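Visitor: Quick one: the structure is below, questions incoming.
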Amino acid sequence: MSTRQVSNRNDPVIEHVSQLAEPMAKGEKPAERWRIGTEHEKLVYDRKDHHAPSYDEPGGIRDLLLSLKEFGWEPVEEGGKVIAMSGPDGAVSLEPAGQLELSGAPLENLHQTCAETGRHLEQVKAIGERTGTSFLGLGMWPDKTRAELPIMPKGRYEIMLRHMPRVGSMGLDMMLRTCTIQVNLDYASEADMAQKFRVGLALQPLATALFANSPFTEGKPNGFLSYRSHIWSDTDPHRTGMLPFVFDEGFGYERYVDYMLDVPMYFVFRDGKYIDASGLSFRDFLKGELSVLPGEKPLMSDWVDHLSTAFPEVRLKSFLEMRGADGGPWNRICALPALWVGLLYDQTALDAAWDLVKGWDMEGREALRNAVPKLGLDAPLPGGGKLRDIAAEAVAIARSGLSARNRLNAAGDNETSYIAPLEEIVASGKVPAQRLLDKYNGEWGGDLSRIYEERF
């Protein structure tokens, strides 16, 4: 989630609703300036007893963050507490229960993305050797209850933790127990954004299936392959889901603005502090009628903050975020941007991907999304068949898109190798969660503590 450092009181005041499309429009870039931003979270645990470290304990989350200084990272504080580290590879931040996230820098190609990921994992593993901590690449804590997890000292999390139980039964699980991989991608124009948004939403269930990696809850199989994805089905209906309006003719920035104005607020950031505005209306804020800041109109930074508080399967800010994947090990961290860059950054591949899904109706898209957390590649497609019936074709389109980009590393290799883990999943027919369940029911003998012996 976003990490604010300063109050931008010098930002322009929003006087008219027409200004709200500016962040999206300013995100337009020619293809040669398109970048790849990859975010990935990891579960942190103590090697001795597998507990989730608190912020303050020796060798805990604060110490882990501060130890990154030896690799050139600089602390970011809120209320006197270190909440993130900033550096050339982006930002390392703490999620609500101490999950560790790298929000990577915007990079030109997947070779750079994978190198960045590798540097980060090498750094945190080196620190873990000294602090006695290690990391799990999963979509959800396999064995922890909410009560067993610490809470990190970050203002927006306090507000969200109070608000989540008011609007859904699993919002606290989303905050405290889950991990994801995301990729942020650019667009050339409003029309290009719309096409990418539609393809991204329609095929997000495929990404969820291919990366499904959360089949355990509190020490036992939970009946799902991606329980992380299932959690979003009852987190907050006002700010989640498949956004049917994206598929409407004429969809563009203004329609997304309308959607975001109907998303209830969480907070306003002023003078280094988060003011609780949960459930209030940004429309009232525009009129100077926000009850927690009477008479004050929003700044552009307030709107940018608000854009970060919706959690649909694909999110629009000044770029598009693909949000459907569970956390996973190093090679799958690289595979997620490979999938979406391959599908969306080459026009021929993008058109082919749209041809694959354009005949689906919204009811079918919703049904597919709702079935995937439990059924994975066996989820039924709109119009008949199963998701696995198009998985190989979609991944092949992504490979062709990567090949067409022809971005080479020093050895002369293009980016297609990064899609290989997904090709292996499709060929085997087993998503990662199914492999974990096979181990649980086989060599682990039902002992889920063995998951900590895995190399993630």
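Chain labels A, B, ... are given in the sequence in which chains occur in the structure tokens; within each chain residues are numbered consecutively from 1, and ligands are likewise numbered from 1 in the order shown.
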Apply DSSP to the structure's backbone, then extract all residues of region 335-390 of chain A labelled alpha helix (DSSP H) and return them as a PyMOL selection string.
Guide: chain A and resi 335-344+347-357+362-375+388-390
Visitor: Save out the residues we just selected, N, CA and C atoms, as a CSV table (one decimal), in the first residue's frame.
Guide:
chain,number,residue,atom,x,y,z
A,335,ALA,N,7.6,-13.9,-13.3
A,335,ALA,CA,6.6,-14.4,-14.3
A,335,ALA,C,5.4,-13.5,-14.4
A,336,LEU,N,5.0,-12.9,-13.3
A,336,LEU,CA,3.7,-12.1,-13.4
A,336,LEU,C,3.9,-10.9,-14.3
A,337,PRO,N,5.0,-10.1,-14.2
A,337,PRO,CA,5.1,-9.0,-15.2
A,337,PRO,C,5.4,-9.6,-16.6
A,338,ALA,N,6.0,-10.7,-16.7
A,338,ALA,CA,6.2,-11.3,-18.0
A,338,ALA,C,4.8,-11.6,-18.7
A,339,LEU,N,3.9,-12.1,-17.9
A,339,LEU,CA,2.6,-12.4,-18.5
A,339,LEU,C,1.9,-11.1,-19.0
A,340,TRP,N,1.9,-10.1,-18.1
A,340,TRP,CA,1.1,-8.9,-18.5
A,340,TRP,C,1.9,-8.0,-19.5
A,341,VAL,N,3.2,-7.9,-19.4
A,341,VAL,CA,3.9,-7.2,-20.4
A,341,VAL,C,3.8,-7.8,-21.8
A,342,GLY,N,3.8,-9.2,-21.8
A,342,GLY,CA,3.6,-9.9,-23.0
A,342,GLY,C,2.3,-9.7,-23.6
A,343,LEU,N,1.2,-9.6,-22.8
A,343,LEU,CA,-0.1,-9.5,-23.3
A,343,LEU,C,-0.5,-8.0,-23.7
A,344,LEU,N,0.1,-7.1,-23.0
A,344,LEU,CA,-0.4,-5.7,-23.1
A,344,LEU,C,0.6,-4.7,-23.8
A,347,GLN,N,1.0,-4.5,-29.5
A,347,GLN,CA,-0.3,-4.3,-30.0
A,347,GLN,C,-0.9,-5.6,-30.6
A,348,THR,N,-0.1,-6.3,-31.4
A,348,THR,CA,-0.6,-7.6,-32.0
A,348,THR,C,-1.1,-8.6,-30.9
A,349,ALA,N,-0.2,-8.7,-29.8
A,349,ALA,CA,-0.6,-9.5,-28.7
A,349,ALA,C,-1.8,-9.0,-28.0
A,350,LEU,N,-1.9,-7.7,-27.8
A,350,LEU,CA,-3.1,-7.1,-27.1
A,350,LEU,C,-4.4,-7.4,-27.9
A,351,ASP,N,-4.3,-7.2,-29.2
A,351,ASP,CA,-5.5,-7.5,-30.0
A,351,ASP,C,-5.9,-9.0,-30.0
A,352,ALA,N,-4.9,-9.8,-30.0
A,352,ALA,CA,-5.2,-11.3,-29.9
A,352,ALA,C,-5.8,-11.6,-28.6
A,353,ALA,N,-5.3,-11.0,-27.5
A,353,ALA,CA,-5.8,-11.3,-26.2
A,353,ALA,C,-7.3,-10.8,-26.1
A,354,TRP,N,-7.6,-9.6,-26.7
A,354,TRP,CA,-8.9,-9.1,-26.7
A,354,TRP,C,-9.8,-10.1,-27.5
A,355,ASP,N,-9.3,-10.6,-28.6
A,355,ASP,CA,-10.1,-11.5,-29.4
A,355,ASP,C,-10.5,-12.8,-28.6
A,356,LEU,N,-9.6,-13.1,-27.7
A,356,LEU,CA,-9.9,-14.3,-26.8
A,356,LEU,C,-11.0,-14.1,-25.9
A,357,VAL,N,-11.3,-12.9,-25.5
A,357,VAL,CA,-12.2,-12.7,-24.4
A,357,VAL,C,-13.4,-11.7,-24.7
A,362,MET,N,-20.9,-10.0,-19.2
A,362,MET,CA,-20.5,-9.6,-17.8
A,362,MET,C,-20.8,-10.7,-16.8
A,363,GLU,N,-22.0,-11.3,-17.0
A,363,GLU,CA,-22.4,-12.4,-16.1
A,363,GLU,C,-21.3,-13.5,-16.1
A,364,GLY,N,-20.9,-13.9,-17.3
A,364,GLY,CA,-19.9,-14.9,-17.4
A,364,GLY,C,-18.5,-14.5,-16.8
A,365,ARG,N,-18.1,-13.2,-17.0
A,365,ARG,CA,-16.9,-12.8,-16.4
A,365,ARG,C,-16.9,-12.8,-14.9
A,366,GLU,N,-18.1,-12.4,-14.3
A,366,GLU,CA,-18.2,-12.4,-12.8
A,366,GLU,C,-18.2,-13.9,-12.3
A,367,ALA,N,-18.9,-14.7,-13.0
A,367,ALA,CA,-18.9,-16.1,-12.6
A,367,ALA,C,-17.5,-16.8,-12.6
A,368,LEU,N,-16.8,-16.4,-13.7
A,368,LEU,CA,-15.4,-17.0,-13.8
A,368,LEU,C,-14.6,-16.5,-12.6
A,369,ARG,N,-14.6,-15.2,-12.4
A,369,ARG,CA,-13.8,-14.6,-11.3
A,369,ARG,C,-14.2,-15.3,-9.9
A,370,ASN,N,-15.5,-15.5,-9.7
A,370,ASN,CA,-16.0,-16.1,-8.4
A,370,ASN,C,-15.6,-17.5,-8.3
A,371,ALA,N,-15.5,-18.3,-9.4
A,371,ALA,CA,-15.2,-19.7,-9.4
A,371,ALA,C,-13.7,-20.0,-9.2
A,372,VAL,N,-12.8,-19.1,-9.7
A,372,VAL,CA,-11.4,-19.4,-9.8
A,372,VAL,C,-10.8,-19.6,-8.5
A,373,PRO,N,-11.1,-18.9,-7.4
A,373,PRO,CA,-10.4,-19.1,-6.1
A,373,PRO,C,-10.5,-20.5,-5.7
A,374,LYS,N,-11.6,-21.2,-5.9
A,374,LYS,CA,-11.8,-22.6,-5.5
A,374,LYS,C,-11.3,-23.6,-6.6
A,375,LEU,N,-11.6,-23.3,-7.8
A,375,LEU,CA,-11.4,-24.3,-8.9
A,375,LEU,C,-10.2,-24.1,-9.7
A,388,ARG,N,-8.7,-23.8,-18.2
A,388,ARG,CA,-7.5,-24.4,-18.8
A,388,ARG,C,-7.6,-24.5,-20.3
A,389,ASP,N,-8.8,-24.4,-20.9
A,389,ASP,CA,-8.9,-24.5,-22.3
A,389,ASP,C,-8.3,-23.3,-23.1
A,390,ILE,N,-8.2,-22.2,-22.4
A,390,ILE,CA,-7.6,-21.0,-23.0
A,390,ILE,C,-6.3,-20.6,-22.4
Visitor: I'd like the contact shell of region 97-101 of chain A - 10 Å cut-off, only C-alpha atoms, skipping same-chain residues fewer than 6 positions apart - returned as a ChimeraX atom specification.
Guide: /A:1,39-45,52-55,60-62,64-65,84,91,124,135-136,141,146,148-153,157,175-181
Visitor: Would you please give, as a ChimeraX atom specification, all residues of region 315-384 of chain A that DSSP assigns to strand (DSSP E or B) based on the backbone?
Guide: /A:315-316,320-326,380
Visitor: Identify, on the basis of only C-alpha atoms, every residue whose closest approach to region 276-279 of chain A does not exceed 10 Å; exclude the query and any residue fewer than 5 positions from it along the same chain; express the result as a ChimeraX atom specification.
Guide: /A:155-156,158-160,162-164,166-167,263-269,290-293
Visitor: Got a sec: who's within 9 Å of Ser169 (chain A), counting only C-alpha atoms, leaving out chain neighbours fewer than 6 positions off, as a compact mmCIF listing (two decimals) with C-alpha atoms, in the first residue's frame?
Guide:
# COMPACT_ATOMS: atom_id res chain seq x y z
CA ILE A 231 -11.06 -13.00 0.74
CA ASP A 234 -16.25 -10.04 1.14
CA THR A 235 -13.79 -7.30 2.00
CA ASP A 236 -15.65 -4.15 0.93
Visitor: Counting only C-alpha atoms, figure out which residue out of A:Gly132, A:Gly219, A:Pro421, A:Gly118 gets nearest to Leu448 (chain A).
Guide: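 For Leu448 (chain A), the nearest of the given residues is A:Gly219.
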Visitor: Quick one: of A:Ala396, A:Trp360, A:Leu138, A:Glu74, who's nearest to Gly328 (chain A), counting only C-alpha atoms?
Guide: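 Ranked by minimum distance to Gly328 (chain A), first place goes to A:Leu138.
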Visitor: What's the separation between CA of Phe216 (chain A) and CA of Gln182 (chain A), in Å to one decimal place?
Guide: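 Straight-line distance from CA of Phe216 (chain A) to CA of Gln182 (chain A) works out to 21.4 Å.
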Visitor: Select from region 95-202 of chain A every residue with an atom at most 12 Å from any atom of region 245-260 of chain A, then for each give the shortest pair of atoms and their distance in Å to one decimal, using only C-alpha atoms, rows by chain and rising number, as CSV.
Guide:
residue,atom,partner,partner_atom,distance
A:Ser189,CA,A:Gly252,CA,9.9
A:Glu190,CA,A:Gly252,CA,6.1
A:Ala191,CA,A:Gly252,CA,7.3
A:Asp192,CA,A:Gly252,CA,9.8
A:Met193,CA,A:Gly252,CA,7.9
A:Ala194,CA,A:Gly252,CA,6.3
A:Gln195,CA,A:Phe247,CA,9.1
A:Lys196,CA,A:Val246,CA,10.4
A:Phe197,CA,A:Val246,CA,7.3
A:Arg198,CA,A:Phe247,CA,6.2
A:Val199,CA,A:Phe247,CA,9.6
A:Gly200,CA,A:Val246,CA,10.6
A:Leu201,CA,A:Val246,CA,8.6
A:Ala202,CA,A:Phe247,CA,9.5
Visitor: Point out the residue among A:Ala391, A:Val304, A:Leu185, A:Ala411 with the least atom-to-atom distance to Lys29 (chain A), counting only C-alpha atoms.
Guide: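 Of A:Ala391, A:Val304, A:Leu185, A:Ala411, the one nearest Lys29 (chain A), counting only C-alpha atoms, is A:Leu185.
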Visitor: Rounded to one decimal in Å, what is the spacing between CA of Lys48 (chain A) and CA of Ala126 (chain A)?
Guide: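 Interatomic distance here is 16.9 Å.
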Visitor: Rank nothing, just name the residue among A:Asp173, A:Glu454, A:Glu108, A:Asp447 nearest to Pro96 (chain A), using only C-alpha atoms.
Guide: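 Looking at the shortest contact to Pro96 (chain A), the residue is A:Asp173.
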Visitor: List as a count of residues only the protein and nucleic acid residues near Trp330 (chain A), meaning an atom at most 9 Å away when only C-alpha atoms are counted, but skip any in the same chain fewer than 5 places from it.
Guide: 7
Visitor: Between A:Leu94, A:Leu387, A:Ala433, A:Leu316, which residue has the minimum interatomic distance to Ser226 (chain A), considering only C-alpha atoms?
Guide: A:Ala433
Visitor: Near Ser214 (chain A), counting only C-alpha atoms, which residues have an atom at most 9 Å away, once you skip same-chain residues fewer than 5 positions from it, shown as a ChimeraX atom specification?
Guide: /A:138-142,178,222,224-229,326-327,432-433
Visitor: Please write the residues from the selection above to a file, keeping C-alpha atoms, as a PDB file, in the first residue's frame.
Guide:
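Everything below was put into part.pdb:
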ATOM      1  CA  LEU A 138       2.787 -17.523  -0.291  1.00  0.00           C
ATOM      2  CA  GLY A 139      -0.543 -15.814  -0.866  1.00  0.00           C
ATOM      3  CA  MET A 140      -1.595 -16.109   2.782  1.00  0.00           C
ATOM      4  CA  TRP A 141      -0.321 -17.113   6.190  1.00  0.00           C
ATOM      5  CA  PRO A 142      -0.838 -20.889   6.236  1.00  0.00           C
ATOM      6  CA  THR A 178      -2.367 -12.034   2.726  1.00  0.00           C
ATOM      7  CA  ASN A 222      -9.251 -24.378   3.422  1.00  0.00           C
ATOM      8  CA  PHE A 224      -9.589 -23.142  -1.938  1.00  0.00           C
ATOM      9  CA  LEU A 225      -6.574 -22.805  -4.201  1.00  0.00           C
ATOM     10  CA  SER A 226      -6.410 -19.024  -3.814  1.00  0.00           C
ATOM     11  CA  TYR A 227      -8.024 -18.168  -0.513  1.00  0.00           C
ATOM     12  CA  ARG A 228      -6.402 -14.738  -0.851  1.00  0.00           C
ATOM     13  CA  SER A 229      -8.564 -14.103  -3.906  1.00  0.00           C
ATOM     14  CA  ASP A 326      -0.981 -14.549  -4.917  1.00  0.00           C
ATOM     15  CA  GLY A 327       2.502 -14.070  -3.522  1.00  0.00           C
ATOM     16  CA  PRO A 432       1.089 -23.998  -7.240  1.00  0.00           C
ATOM     17  CA  ALA A 433      -1.546 -24.530  -4.538  1.00  0.00           C
TER      18      ALA A 433
END
